[in-house]
2 protein chains.
Amino acid sequence: MKTKLRTHFEALVPLTDDEFNFVHSHFSSQTAKRSTYLIKEGEPVKYVYFVISGLLKLIYTNESGEESIVSFAMEDWWESDYMAFYSGSKAHLSLQCLEDSVLYRISLEDYQNLCDKSQKMLRFFLQKAQRGHIGSQQRIISFLTLSAKDRYEHLIDRYPALLQRVPKTQLASYLGVSRETLSRLYSSKSYLDRTT
Amino acid sequence: MKTKLRTHFEALVPLTDDEFNFVHSHFSSQTAKRSTYLIKEGEPVKYVYFVISGLLKLIYTNESGEESIVSFAMEDWWESDYMAFYSGSKAHLSLQCLEDSVLYRISLEDYQNLCDKSQKMLRFFLQKAQRGHIGSQQRIISFLTLSAKDRYEHLIDRYPALLQRVPKTQLASYLGVSRETLSRLYSSKSYLDRTT
DNA sequence: CGGGAATAGTGACATAAGTCACAGGTATCA
DNA sequence: TGATACCTGTGACTTATGTCACTATTCCCG
């Protein structure tokens, strides 16, 4: 587990043993059962989480209590309500386990300390943030240019494992369509309809 | 103009005169006429741009040649095809002036040099990337949870000046709806329809 | 193990949005 | 300044998606 974190860092920045141990000392580990909340809307956001194993969903809940999945977070992903985390405000999003999960986490204080003391980690987090931004931008492009069906296929293409691990209802929520519409995209009935 | 850049940096990180001059030496300035392309799909991406004045649009063009507006970039905004810029690959997006614009720009080499030599600027870019990520995530949430009309009102709420500066056709493209649909959202006809 | 909750498919219908076509107005630039 | 391209609204129609309801099946957790 410690190795997994190190490998993850070293994919972007090389670290000596000492450096890694120093970095590692800023993190704590946590396990969480399926359906547990790591972040709850309205509460303070103490940590950014790194997923060692398991699966999380980041969700936005509207005034009517309907949930939309902003993001899934699987192995090797970082997740949090970043806006609330960095600013110290209350969460607008919630982070919930879809599977029993093993996590590393870092507090804002430790994060800032780490960035102050390790130029390498500052660079690491910069690259992560850049990639996060690029990833979100691509998702925006998929909303601008693709149909629900194409967005679904695109998603399954990139993350085939999701289909096994996540109910379709949740995939629909991530894609921004109703579960019924997603269901019908691949029902035999819709194919018959089209040929008439 | 130089002051504008400094003020922008100092909103996040304080700089001495020497520090700022050092930073400034990594940038070059450029002016560009309305409708000029700063980045063209398929070509290398040399720079990240900072908008001193004017207005840009970042666009994605699909196989049929239809454009979608990924982002507007107004005063004090940074913009580029970041994926292509950081990786040195060809642009998947284009960046075009909607108005005559005055810009600063920085090359990848200068950017990396600057980050190596200035911890402060590394922190600056980290914060910019974080905010970029958060902003894109909020746009995703608007696609997941809002109707076209609500997305439009949300946009005008945040950037009222856009309404004066950008034709509705372009706003529609940014919102992911057809120009006709956007037009009808506020036509008297649709209000009449609703009352019947 | 058993029962309640979650998941998934689907029919029937309502609503939102897209597409194509046309016309009048406005901006732009050679 | 005048021709041209762009912008905007709108009618008529098509298509995509949402909503509600019901059922069958599967999955958990106590």
# chains A, B, ... in the order shown; residues from 1 in each chain; ligands from 1
call {"tool": "closest_atom_pairs", "arguments": {"of": "chain C", "to": "chain A", "cutoff": "9 Å", "atoms": "only C-alpha atoms (C1' of nucleotides)", "output": "tab-separated table"}}
result
residue	atom	partner	partner_atom	distance
C:DT7	C1'	A:Pro167	CA	7.2
C:DA8	C1'	A:Ser183	CA	7.6
C:DG9	C1'	A:Ser183	CA	7.1
C:DT10	C1'	A:Arg184	CA	8.3
call {"tool": "residues_around", "arguments": {"residues": "Lys120 in chain A", "least_positions_apart": "2", "cutoff": "12 Å", "atoms": "only C-alpha atoms (C1' of nucleotides)", "output": "list in words"}}
result
Phe9, Glu10, Leu12, Val13, Pro14, Leu15, Thr16, Glu19, Phe20, Phe22, Val23, Leu114, Cys115, Asp116, Lys117, Ser118, Leu122, Arg123, Phe124, Phe125, Leu126 and Gln127 of chain A; Cys115, Asp116, Gln119, Leu122 and Arg123 of chain B
call {"tool": "residues_around", "arguments": {"residues": "Val48 in chain A", "least_positions_apart": "6", "cutoff": "10 Å", "atoms": "only C-alpha atoms (C1' of nucleotides)", "output": "list in words"}}
result
Phe27, Leu38, Ile39, Trp78, Glu79, Ser80, Asp81, Tyr82, Phe85, Tyr86, Leu103, Tyr104, Arg105, Ile106, Ser107, Leu108 and Tyr111 of chain A
call {"tool": "write_last_selection", "arguments": {"atoms": "N, CA, C and O atoms", "output": "CSV table (one decimal), in the first residue's frame"}}
result
chain,number,residue,atom,x,y,z
A,27,PHE,N,0.7,11.9,5.2
A,27,PHE,CA,-0.5,11.2,4.9
A,27,PHE,C,-1.0,10.3,6.0
A,27,PHE,O,-0.1,9.8,6.8
A,38,LEU,N,-17.4,10.0,2.9
A,38,LEU,CA,-16.1,10.6,3.3
A,38,LEU,C,-16.3,12.1,3.4
A,38,LEU,O,-15.6,12.7,4.2
A,39,ILE,N,-17.1,12.6,2.6
A,39,ILE,CA,-17.5,14.0,2.6
A,39,ILE,C,-19.0,14.2,2.5
A,39,ILE,O,-19.6,13.5,1.7
A,78,TRP,N,-7.2,10.7,-7.2
A,78,TRP,CA,-7.4,11.7,-6.1
A,78,TRP,C,-8.8,12.3,-6.2
A,78,TRP,O,-9.3,12.6,-7.2
A,79,GLU,N,-9.4,12.5,-5.0
A,79,GLU,CA,-10.7,13.1,-5.1
A,79,GLU,C,-11.0,13.8,-3.8
A,79,GLU,O,-10.5,13.5,-2.7
A,80,SER,N,-11.8,14.9,-4.0
A,80,SER,CA,-12.3,15.7,-2.8
A,80,SER,C,-13.3,16.7,-3.4
A,80,SER,O,-13.5,16.8,-4.6
A,81,ASP,N,-13.9,17.4,-2.5
A,81,ASP,CA,-14.6,18.7,-2.9
A,81,ASP,C,-13.5,19.7,-2.8
A,81,ASP,O,-13.3,20.4,-1.8
A,82,TYR,N,-12.8,19.9,-3.9
A,82,TYR,CA,-11.6,20.8,-3.9
A,82,TYR,C,-11.9,22.2,-3.5
A,82,TYR,O,-11.2,22.9,-2.8
A,85,PHE,N,-12.3,22.3,0.1
A,85,PHE,CA,-11.1,21.9,0.8
A,85,PHE,C,-10.1,23.0,0.8
A,85,PHE,O,-9.6,23.4,1.8
A,86,TYR,N,-9.8,23.6,-0.4
A,86,TYR,CA,-8.8,24.7,-0.5
A,86,TYR,C,-9.2,25.9,0.3
A,86,TYR,O,-8.4,26.7,0.8
A,103,LEU,N,-7.9,3.9,1.5
A,103,LEU,CA,-7.5,5.2,1.1
A,103,LEU,C,-6.3,5.8,1.8
A,103,LEU,O,-6.1,5.4,3.0
A,104,TYR,N,-5.6,6.7,1.2
A,104,TYR,CA,-4.7,7.6,1.9
A,104,TYR,C,-5.5,9.0,1.9
A,104,TYR,O,-6.3,9.2,1.0
A,105,ARG,N,-5.1,9.8,2.8
A,105,ARG,CA,-5.7,11.1,2.9
A,105,ARG,C,-4.7,12.1,3.4
A,105,ARG,O,-3.8,11.7,4.1
A,106,ILE,N,-4.9,13.4,3.0
A,106,ILE,CA,-4.0,14.4,3.5
A,106,ILE,C,-4.8,15.6,3.9
A,106,ILE,O,-5.8,16.0,3.2
A,107,SER,N,-4.5,16.2,5.0
A,107,SER,CA,-5.2,17.4,5.5
A,107,SER,C,-4.7,18.7,4.8
A,107,SER,O,-3.6,18.6,4.2
A,108,LEU,N,-5.4,19.7,4.9
A,108,LEU,CA,-5.0,21.0,4.2
A,108,LEU,C,-3.7,21.5,4.8
A,108,LEU,O,-2.8,21.9,4.1
A,111,TYR,N,-1.0,19.3,3.6
A,111,TYR,CA,-0.8,19.6,2.2
A,111,TYR,C,0.0,20.8,1.9
A,111,TYR,O,1.0,20.9,1.1
call {"tool": "interface_residues", "arguments": {"of": "chain D", "to": "chain A", "cutoff": "10 Å", "atoms": "only C-alpha atoms (C1' of nucleotides)", "output": "PyMOL selection string"}}
result
chain D and resi 16-19
call {"tool": "write_last_selection", "arguments": {"atoms": "N, CA and C atoms (P, O5', C5', C4', C3', O3' and C1' of nucleotides)", "output": "JSON list (two decimals), in the first residue's frame"}}
result
[["chain", "number", "residue", "atom", "x", "y", "z"],
["D", 16, "DA", "P", -33.31, 10.45, -32.78],
["D", 16, "DA", "O5'", -33.20, 11.20, -31.38],
["D", 16, "DA", "C5'", -32.53, 12.44, -31.32],
["D", 16, "DA", "C4'", -32.54, 12.93, -29.88],
["D", 16, "DA", "C3'", -32.17, 11.87, -28.85],
["D", 16, "DA", "O3'", -31.30, 12.49, -27.93],
["D", 16, "DA", "C1'", -34.35, 12.73, -28.38],
["D", 17, "DT", "P", -30.63, 11.67, -26.77],
["D", 17, "DT", "O5'", -31.63, 11.93, -25.56],
["D", 17, "DT", "C5'", -31.84, 13.27, -25.14],
["D", 17, "DT", "C4'", -32.98, 13.33, -24.15],
["D", 17, "DT", "C3'", -32.88, 12.31, -23.00],
["D", 17, "DT", "O3'", -32.64, 13.06, -21.81],
["D", 17, "DT", "C1'", -35.10, 12.55, -23.80],
["D", 18, "DG", "P", -32.87, 12.45, -20.34],
["D", 18, "DG", "O5'", -34.39, 12.84, -20.03],
["D", 18, "DG", "C5'", -34.74, 14.21, -20.05],
["D", 18, "DG", "C4'", -36.11, 14.42, -19.40],
["D", 18, "DG", "C3'", -36.28, 13.79, -18.02],
["D", 18, "DG", "O3'", -37.06, 14.67, -17.22],
["D", 18, "DG", "C1'", -37.86, 12.85, -19.50],
["D", 19, "DT", "P", -37.30, 14.35, -15.68],
["D", 19, "DT", "O5'", -38.73, 13.64, -15.66],
["D", 19, "DT", "C5'", -39.81, 14.30, -16.26],
["D", 19, "DT", "C4'", -41.06, 13.48, -16.05],
["D", 19, "DT", "C3'", -41.16, 12.76, -14.69],
["D", 19, "DT", "O3'", -42.43, 13.07, -14.16],
["D", 19, "DT", "C1'", -41.56, 11.23, -16.45]]
call {"tool": "closest_residue", "arguments": {"among": "A:Glu99, A:Glu63, A:Asp17, A:Asp76", "to": "chain B", "atoms": "only C-alpha atoms"}}
result
A:Glu63
call {"tool": "interface_residues", "arguments": {"of": "chain A", "to": "chain B", "cutoff": "10 Å", "atoms": "only C-alpha atoms", "output": "ChimeraX atom specification"}}
result
/A:59-62,66-71,81-83,86,115-116,119,122-141,143-146,173-177
call {"tool": "write_last_selection", "arguments": {"atoms": "N, CA and C atoms", "output": "short mmCIF file (atom, residue, chain, number, x, y, z; two decimals), in the first residue's frame"}}
result
data_model
loop_
_atom_site.label_atom_id
_atom_site.label_comp_id
_atom_site.auth_asym_id
_atom_site.auth_seq_id
_atom_site.Cartn_x
_atom_site.Cartn_y
_atom_site.Cartn_z
N ILE A 59 -20.65 13.40 -5.66
CA ILE A 59 -22.00 13.71 -6.11
C ILE A 59 -22.46 15.12 -5.73
N TYR A 60 -23.27 15.67 -6.60
CA TYR A 60 -23.92 16.94 -6.35
C TYR A 60 -25.40 16.66 -6.11
N THR A 61 -25.94 17.24 -5.07
CA THR A 61 -27.35 17.02 -4.75
C THR A 61 -28.11 18.33 -4.90
N ASN A 62 -29.15 18.33 -5.73
CA ASN A 62 -29.88 19.59 -5.93
C ASN A 62 -30.92 19.81 -4.82
N GLU A 66 -32.18 15.31 -5.54
CA GLU A 66 -31.74 14.39 -6.60
C GLU A 66 -30.24 14.49 -6.78
N GLU A 67 -29.61 13.32 -6.89
CA GLU A 67 -28.16 13.27 -6.99
C GLU A 67 -27.69 13.20 -8.44
N SER A 68 -26.58 13.90 -8.70
CA SER A 68 -25.88 13.75 -9.97
C SER A 68 -24.45 13.36 -9.68
N ILE A 69 -23.93 12.43 -10.44
CA ILE A 69 -22.56 11.99 -10.20
C ILE A 69 -21.60 12.87 -10.98
N VAL A 70 -20.82 13.63 -10.24
CA VAL A 70 -19.86 14.54 -10.84
C VAL A 70 -18.65 13.75 -11.33
N SER A 71 -18.29 12.72 -10.57
CA SER A 71 -17.09 11.96 -10.91
C SER A 71 -17.07 10.63 -10.18
N ASP A 81 -13.89 17.44 -2.48
CA ASP A 81 -14.57 18.66 -2.92
C ASP A 81 -13.51 19.74 -2.83
N TYR A 82 -12.79 19.91 -3.92
CA TYR A 82 -11.59 20.75 -3.88
C TYR A 82 -11.90 22.20 -3.54
N MET A 83 -13.01 22.69 -4.04
CA MET A 83 -13.34 24.08 -3.76
C MET A 83 -13.45 24.28 -2.25
N TYR A 86 -9.81 23.62 -0.39
CA TYR A 86 -8.81 24.68 -0.46
C TYR A 86 -9.24 25.94 0.28
N CYS A 115 3.80 21.08 0.37
CA CYS A 115 4.10 21.92 -0.79
C CYS A 115 5.20 22.93 -0.48
N ASP A 116 5.19 23.46 0.76
CA ASP A 116 6.23 24.40 1.15
C ASP A 116 7.60 23.73 1.15
N GLN A 119 9.57 20.88 -3.24
CA GLN A 119 9.34 21.40 -4.59
C GLN A 119 8.83 20.28 -5.50
N LEU A 122 5.21 19.82 -4.99
CA LEU A 122 4.51 20.95 -5.58
C LEU A 122 4.33 20.71 -7.08
N ARG A 123 5.38 20.25 -7.70
CA ARG A 123 5.32 19.93 -9.13
C ARG A 123 4.35 18.79 -9.39
N PHE A 124 4.39 17.81 -8.49
CA PHE A 124 3.47 16.68 -8.64
C PHE A 124 2.02 17.16 -8.60
N PHE A 125 1.69 17.95 -7.62
CA PHE A 125 0.31 18.41 -7.49
C PHE A 125 -0.07 19.34 -8.64
N LEU A 126 0.90 20.12 -9.12
CA LEU A 126 0.62 20.96 -10.29
C LEU A 126 0.21 20.10 -11.47
N GLN A 127 0.98 19.06 -11.71
CA GLN A 127 0.65 18.19 -12.84
C GLN A 127 -0.69 17.52 -12.67
N LYS A 128 -0.98 17.09 -11.44
CA LYS A 128 -2.29 16.46 -11.17
C LYS A 128 -3.42 17.45 -11.44
N ALA A 129 -3.24 18.68 -10.99
CA ALA A 129 -4.29 19.68 -11.19
C ALA A 129 -4.47 19.97 -12.68
N GLN A 130 -3.37 20.07 -13.40
CA GLN A 130 -3.45 20.31 -14.84
C GLN A 130 -4.23 19.18 -15.52
N ARG A 131 -3.89 17.96 -15.16
CA ARG A 131 -4.58 16.83 -15.78
C ARG A 131 -6.05 16.78 -15.40
N GLY A 132 -6.32 17.14 -14.16
CA GLY A 132 -7.72 17.21 -13.73
C GLY A 132 -8.49 18.22 -14.56
N HIS A 133 -7.89 19.36 -14.79
CA HIS A 133 -8.53 20.40 -15.58
C HIS A 133 -8.77 19.92 -17.01
N ILE A 134 -7.74 19.31 -17.59
CA ILE A 134 -7.86 18.81 -18.96
C ILE A 134 -8.95 17.74 -19.04
N GLY A 135 -8.97 16.85 -18.06
CA GLY A 135 -9.99 15.79 -18.05
C GLY A 135 -11.39 16.36 -17.98
N SER A 136 -11.59 17.34 -17.12
CA SER A 136 -12.91 17.95 -17.01
C SER A 136 -13.30 18.65 -18.31
N GLN A 137 -12.31 19.26 -18.95
CA GLN A 137 -12.59 19.96 -20.20
C GLN A 137 -13.04 18.96 -21.28
N GLN A 138 -12.44 17.80 -21.25
CA GLN A 138 -12.86 16.79 -22.24
C GLN A 138 -14.27 16.30 -21.96
N ARG A 139 -14.59 16.22 -20.69
CA ARG A 139 -15.96 15.82 -20.36
C ARG A 139 -16.93 16.89 -20.83
N ILE A 140 -16.58 18.16 -20.68
CA ILE A 140 -17.42 19.25 -21.18
C ILE A 140 -17.61 19.11 -22.69
N ILE A 141 -16.53 18.81 -23.40
CA ILE A 141 -16.63 18.64 -24.84
C ILE A 141 -17.57 17.50 -25.18
N PHE A 143 -20.20 16.66 -23.53
CA PHE A 143 -21.56 17.17 -23.39
C PHE A 143 -21.94 18.06 -24.57
N LEU A 144 -20.96 18.81 -25.07
CA LEU A 144 -21.24 19.75 -26.15
C LEU A 144 -21.45 19.05 -27.49
N THR A 145 -20.80 17.91 -27.67
CA THR A 145 -20.76 17.35 -29.02
C THR A 145 -21.33 15.95 -29.18
N LEU A 146 -21.56 15.24 -28.07
CA LEU A 146 -21.99 13.85 -28.22
C LEU A 146 -23.41 13.62 -27.74
N SER A 173 -26.59 8.64 -14.32
CA SER A 173 -26.45 9.88 -13.56
C SER A 173 -25.17 10.61 -13.93
N TYR A 174 -24.11 9.85 -14.13
CA TYR A 174 -22.83 10.44 -14.55
C TYR A 174 -22.94 11.05 -15.94
N LEU A 175 -23.72 10.40 -16.79
CA LEU A 175 -23.83 10.83 -18.19
C LEU A 175 -24.83 11.97 -18.36
N GLY A 176 -25.65 12.19 -17.35
CA GLY A 176 -26.63 13.26 -17.45
C GLY A 176 -27.88 12.86 -18.20
N VAL A 177 -28.24 11.57 -18.18
CA VAL A 177 -29.51 11.13 -18.76
C VAL A 177 -30.28 10.32 -17.74
#
call {"tool": "select_by_dssp", "arguments": {"residues": "range 100-129 of chain B", "states": "strand (DSSP E)", "output": "ChimeraX atom specification"}}
result
/B:101-107
call {"tool": "atom_distance", "arguments": {"atom1": "C1' of DT28 in chain C", "atom2": "C1' of DT8 in chain D"}}
result
17.1 Å
call {"tool": "residues_around", "arguments": {"residues": "Ala73 in chain A", "least_positions_apart": "3", "cutoff": "6 Å", "atoms": "only C-alpha atoms (C1' of nucleotides)", "output": "list in words"}}
result
Leu55, Leu56 and Trp77 of chain A
call {"tool": "decode", "arguments": {"residues": "chain D", "atoms": "N, CA and C atoms (P, O5', C5', C4', C3', O3' and C1' of nucleotides)", "output": "compact mmCIF listing (two decimals), in the first residue's frame"}}
result
# COMPACT_ATOMS: atom_id res chain seq x y z
P DT D 1 -20.73 57.48 -48.50
O5' DT D 1 -20.93 56.17 -49.36
C5' DT D 1 -20.66 56.14 -50.75
C4' DT D 1 -20.83 54.69 -51.13
C3' DT D 1 -22.15 54.09 -50.64
O3' DT D 1 -22.52 53.03 -51.53
C1' DT D 1 -20.41 52.90 -49.67
P DG D 2 -23.55 53.32 -52.72
O5' DG D 2 -23.46 51.90 -53.46
C5' DG D 2 -22.18 51.41 -53.84
C4' DG D 2 -22.00 49.98 -53.39
C3' DG D 2 -23.32 49.18 -53.29
O3' DG D 2 -23.04 47.88 -53.78
C1' DG D 2 -22.15 49.01 -51.28
P DA D 3 -24.17 47.08 -54.55
O5' DA D 3 -23.53 45.62 -54.47
C5' DA D 3 -22.13 45.48 -54.73
C4' DA D 3 -21.56 44.40 -53.83
C3' DA D 3 -22.41 43.12 -53.75
O3' DA D 3 -21.51 42.03 -53.82
C1' DA D 3 -22.08 44.00 -51.57
P DT D 4 -22.04 40.52 -53.95
O5' DT D 4 -21.58 39.89 -52.56
C5' DT D 4 -20.31 40.26 -52.01
C4' DT D 4 -20.28 39.86 -50.55
C3' DT D 4 -21.05 38.56 -50.26
O3' DT D 4 -20.16 37.68 -49.61
C1' DT D 4 -21.63 40.24 -48.71
P DA D 5 -20.51 36.14 -49.36
O5' DA D 5 -20.24 35.99 -47.80
C5' DA D 5 -19.16 36.71 -47.20
C4' DA D 5 -19.51 37.01 -45.77
C3' DA D 5 -20.09 35.80 -45.02
O3' DA D 5 -19.44 35.72 -43.78
C1' DA D 5 -21.54 37.64 -44.80
P DC D 6 -19.76 34.51 -42.76
O5' DC D 6 -20.55 35.23 -41.58
C5' DC D 6 -19.98 36.41 -41.01
C4' DC D 6 -21.03 37.06 -40.13
C3' DC D 6 -21.68 36.11 -39.12
O3' DC D 6 -21.59 36.75 -37.85
C1' DC D 6 -23.32 37.35 -40.29
P DC D 7 -21.91 35.93 -36.51
O5' DC D 7 -23.35 36.46 -36.11
C5' DC D 7 -23.56 37.86 -35.98
C4' DC D 7 -25.04 38.12 -35.88
C3' DC D 7 -25.79 37.20 -34.90
O3' DC D 7 -26.28 38.02 -33.86
C1' DC D 7 -26.96 37.48 -36.95
P DT D 8 -27.02 37.36 -32.59
O5' DT D 8 -28.53 37.29 -33.06
C5' DT D 8 -29.21 38.50 -33.36
C4' DT D 8 -30.60 38.19 -33.83
C3' DT D 8 -31.33 37.14 -32.98
O3' DT D 8 -32.34 37.82 -32.26
C1' DT D 8 -31.65 36.81 -35.33
P DG D 9 -33.31 37.05 -31.22
O5' DG D 9 -34.56 36.71 -32.13
C5' DG D 9 -35.21 37.78 -32.81
C4' DG D 9 -36.29 37.22 -33.70
C3' DG D 9 -37.22 36.21 -33.02
O3' DG D 9 -38.55 36.64 -33.27
C1' DG D 9 -36.38 35.32 -35.06
P DT D 10 -39.78 35.97 -32.54
O5' DT D 10 -40.24 34.88 -33.61
C5' DT D 10 -40.60 35.31 -34.91
C4' DT D 10 -40.82 34.11 -35.77
C3' DT D 10 -41.59 32.95 -35.10
O3' DT D 10 -42.69 32.65 -35.90
C1' DT D 10 -39.74 32.16 -36.28
P DG D 11 -44.02 32.05 -35.25
O5' DG D 11 -44.45 31.03 -36.39
C5' DG D 11 -44.49 31.49 -37.74
C4' DG D 11 -44.33 30.30 -38.67
C3' DG D 11 -45.12 29.06 -38.25
O3' DG D 11 -45.75 28.53 -39.42
C1' DG D 11 -42.83 28.50 -38.54
P DA D 12 -46.86 27.37 -39.28
O5' DA D 12 -46.00 26.07 -39.62
C5' DA D 12 -45.21 26.05 -40.80
C4' DA D 12 -44.59 24.67 -40.95
C3' DA D 12 -45.43 23.55 -40.32
O3' DA D 12 -45.33 22.41 -41.17
C1' DA D 12 -43.30 23.58 -39.32
P DC D 13 -46.30 21.12 -40.90
O5' DC D 13 -45.24 20.03 -40.40
C5' DC D 13 -44.10 19.76 -41.23
C4' DC D 13 -42.99 19.19 -40.39
C3' DC D 13 -43.36 17.93 -39.61
O3' DC D 13 -42.81 16.81 -40.29
C1' DC D 13 -41.88 19.39 -38.42
P DT D 14 -42.89 15.35 -39.56
O5' DT D 14 -41.46 15.27 -38.87
C5' DT D 14 -40.29 15.62 -39.62
C4' DT D 14 -39.06 15.27 -38.80
C3' DT D 14 -39.09 13.87 -38.18
O3' DT D 14 -37.81 13.28 -38.36
C1' DT D 14 -38.82 15.51 -36.46
P DT D 15 -37.51 11.80 -37.79
O5' DT D 15 -36.80 12.10 -36.41
C5' DT D 15 -35.64 12.93 -36.39
C4' DT D 15 -35.17 13.06 -34.97
C3' DT D 15 -35.09 11.73 -34.21
O3' DT D 15 -33.77 11.64 -33.71
C1' DT D 15 -36.24 13.36 -32.93
P DA D 16 -33.31 10.45 -32.78
O5' DA D 16 -33.20 11.20 -31.38
C5' DA D 16 -32.53 12.44 -31.32
C4' DA D 16 -32.54 12.93 -29.88
C3' DA D 16 -32.17 11.87 -28.85
O3' DA D 16 -31.30 12.49 -27.93
C1' DA D 16 -34.35 12.73 -28.38
P DT D 17 -30.63 11.67 -26.77
O5' DT D 17 -31.63 11.93 -25.56
C5' DT D 17 -31.84 13.27 -25.14
C4' DT D 17 -32.98 13.33 -24.15
C3' DT D 17 -32.88 12.31 -23.00
O3' DT D 17 -32.64 13.06 -21.81
C1' DT D 17 -35.10 12.55 -23.80
P DG D 18 -32.87 12.45 -20.34
O5' DG D 18 -34.39 12.84 -20.03
C5' DG D 18 -34.74 14.21 -20.05
C4' DG D 18 -36.11 14.42 -19.40
C3' DG D 18 -36.28 13.79 -18.02
O3' DG D 18 -37.06 14.67 -17.22
C1' DG D 18 -37.86 12.85 -19.50
P DT D 19 -37.30 14.35 -15.68
O5' DT D 19 -38.73 13.64 -15.66
C5' DT D 19 -39.81 14.30 -16.26
C4' DT D 19 -41.06 13.48 -16.05
C3' DT D 19 -41.16 12.76 -14.69
O3' DT D 19 -42.43 13.07 -14.16
C1' DT D 19 -41.56 11.23 -16.45
P DC D 20 -42.78 12.73 -12.60
O5' DC D 20 -43.75 11.47 -12.72
C5' DC D 20 -44.85 11.54 -13.61
C4' DC D 20 -45.45 10.17 -13.79
C3' DC D 20 -45.49 9.31 -12.52
O3' DC D 20 -46.82 8.84 -12.36
C1' DC D 20 -44.60 8.09 -14.32
P DA D 21 -47.28 8.05 -11.05
O5' DA D 21 -47.53 6.60 -11.63
C5' DA D 21 -48.12 6.44 -12.91
C4' DA D 21 -47.96 5.00 -13.35
C3' DA D 21 -47.97 3.99 -12.20
O3' DA D 21 -48.97 3.01 -12.44
C1' DA D 21 -46.12 3.62 -13.64
P DC D 22 -49.45 2.03 -11.26
O5' DC D 22 -48.76 0.65 -11.67
C5' DC D 22 -49.03 0.11 -12.96
C4' DC D 22 -47.96 -0.89 -13.29
C3' DC D 22 -47.71 -1.94 -12.19
O3' DC D 22 -48.20 -3.19 -12.64
C1' DC D 22 -45.70 -1.18 -13.22
P DT D 23 -48.14 -4.47 -11.69
O5' DT D 23 -46.85 -5.24 -12.23
C5' DT D 23 -46.70 -5.46 -13.63
C4' DT D 23 -45.33 -6.05 -13.87
C3' DT D 23 -44.97 -7.18 -12.89
O3' DT D 23 -44.75 -8.37 -13.60
C1' DT D 23 -43.19 -5.59 -13.11
P DA D 24 -44.60 -9.75 -12.86
O5' DA D 24 -43.05 -10.03 -13.05
C5' DA D 24 -42.45 -9.84 -14.32
C4' DA D 24 -40.94 -9.90 -14.18
C3' DA D 24 -40.46 -11.03 -13.25
O3' DA D 24 -39.39 -11.69 -13.89
C1' DA D 24 -39.58 -8.95 -12.53
P DT D 25 -38.75 -12.98 -13.26
O5' DT D 25 -37.33 -12.42 -12.78
C5' DT D 25 -36.59 -11.56 -13.64
C4' DT D 25 -35.46 -10.94 -12.85
C3' DT D 25 -34.74 -11.92 -11.92
O3' DT D 25 -33.39 -11.99 -12.32
C1' DT D 25 -35.19 -9.86 -10.83
P DT D 26 -32.39 -13.03 -11.66
O5' DT D 26 -31.54 -12.03 -10.74
C5' DT D 26 -31.05 -10.81 -11.30
C4' DT D 26 -30.50 -9.93 -10.19
C3' DT D 26 -29.56 -10.66 -9.23
O3' DT D 26 -28.41 -9.86 -9.07
C1' DT D 26 -31.22 -9.49 -8.02
P DC D 27 -27.09 -10.44 -8.40
O5' DC D 27 -26.93 -9.45 -7.16
C5' DC D 27 -27.20 -8.07 -7.36
C4' DC D 27 -27.39 -7.39 -6.02
C3' DC D 27 -26.42 -7.87 -4.94
O3' DC D 27 -25.99 -6.73 -4.22
C1' DC D 27 -28.63 -8.06 -4.16
P DC D 28 -24.42 -6.49 -4.02
O5' DC D 28 -24.26 -6.34 -2.46
C5' DC D 28 -25.08 -7.15 -1.64
C4' DC D 28 -25.88 -6.27 -0.73
C3' DC D 28 -25.44 -6.39 0.70
O3' DC D 28 -25.61 -5.14 1.34
C1' DC D 28 -27.63 -7.27 0.45
P DC D 29 -24.48 -4.69 2.41
O5' DC D 29 -25.30 -4.55 3.75
C5' DC D 29 -26.66 -4.13 3.70
C4' DC D 29 -27.44 -4.79 4.81
C3' DC D 29 -26.63 -5.12 6.07
O3' DC D 29 -27.42 -4.78 7.19
C1' DC D 29 -27.69 -7.06 5.31
P DG D 30 -26.80 -4.59 8.60
O5' DG D 30 -27.99 -4.95 9.58
C5' DG D 30 -29.35 -4.87 9.12
C4' DG D 30 -30.17 -6.01 9.71
C3' DG D 30 -29.76 -6.43 11.13
O3' DG D 30 -30.93 -6.70 11.89
C1' DG D 30 -29.62 -8.29 9.69
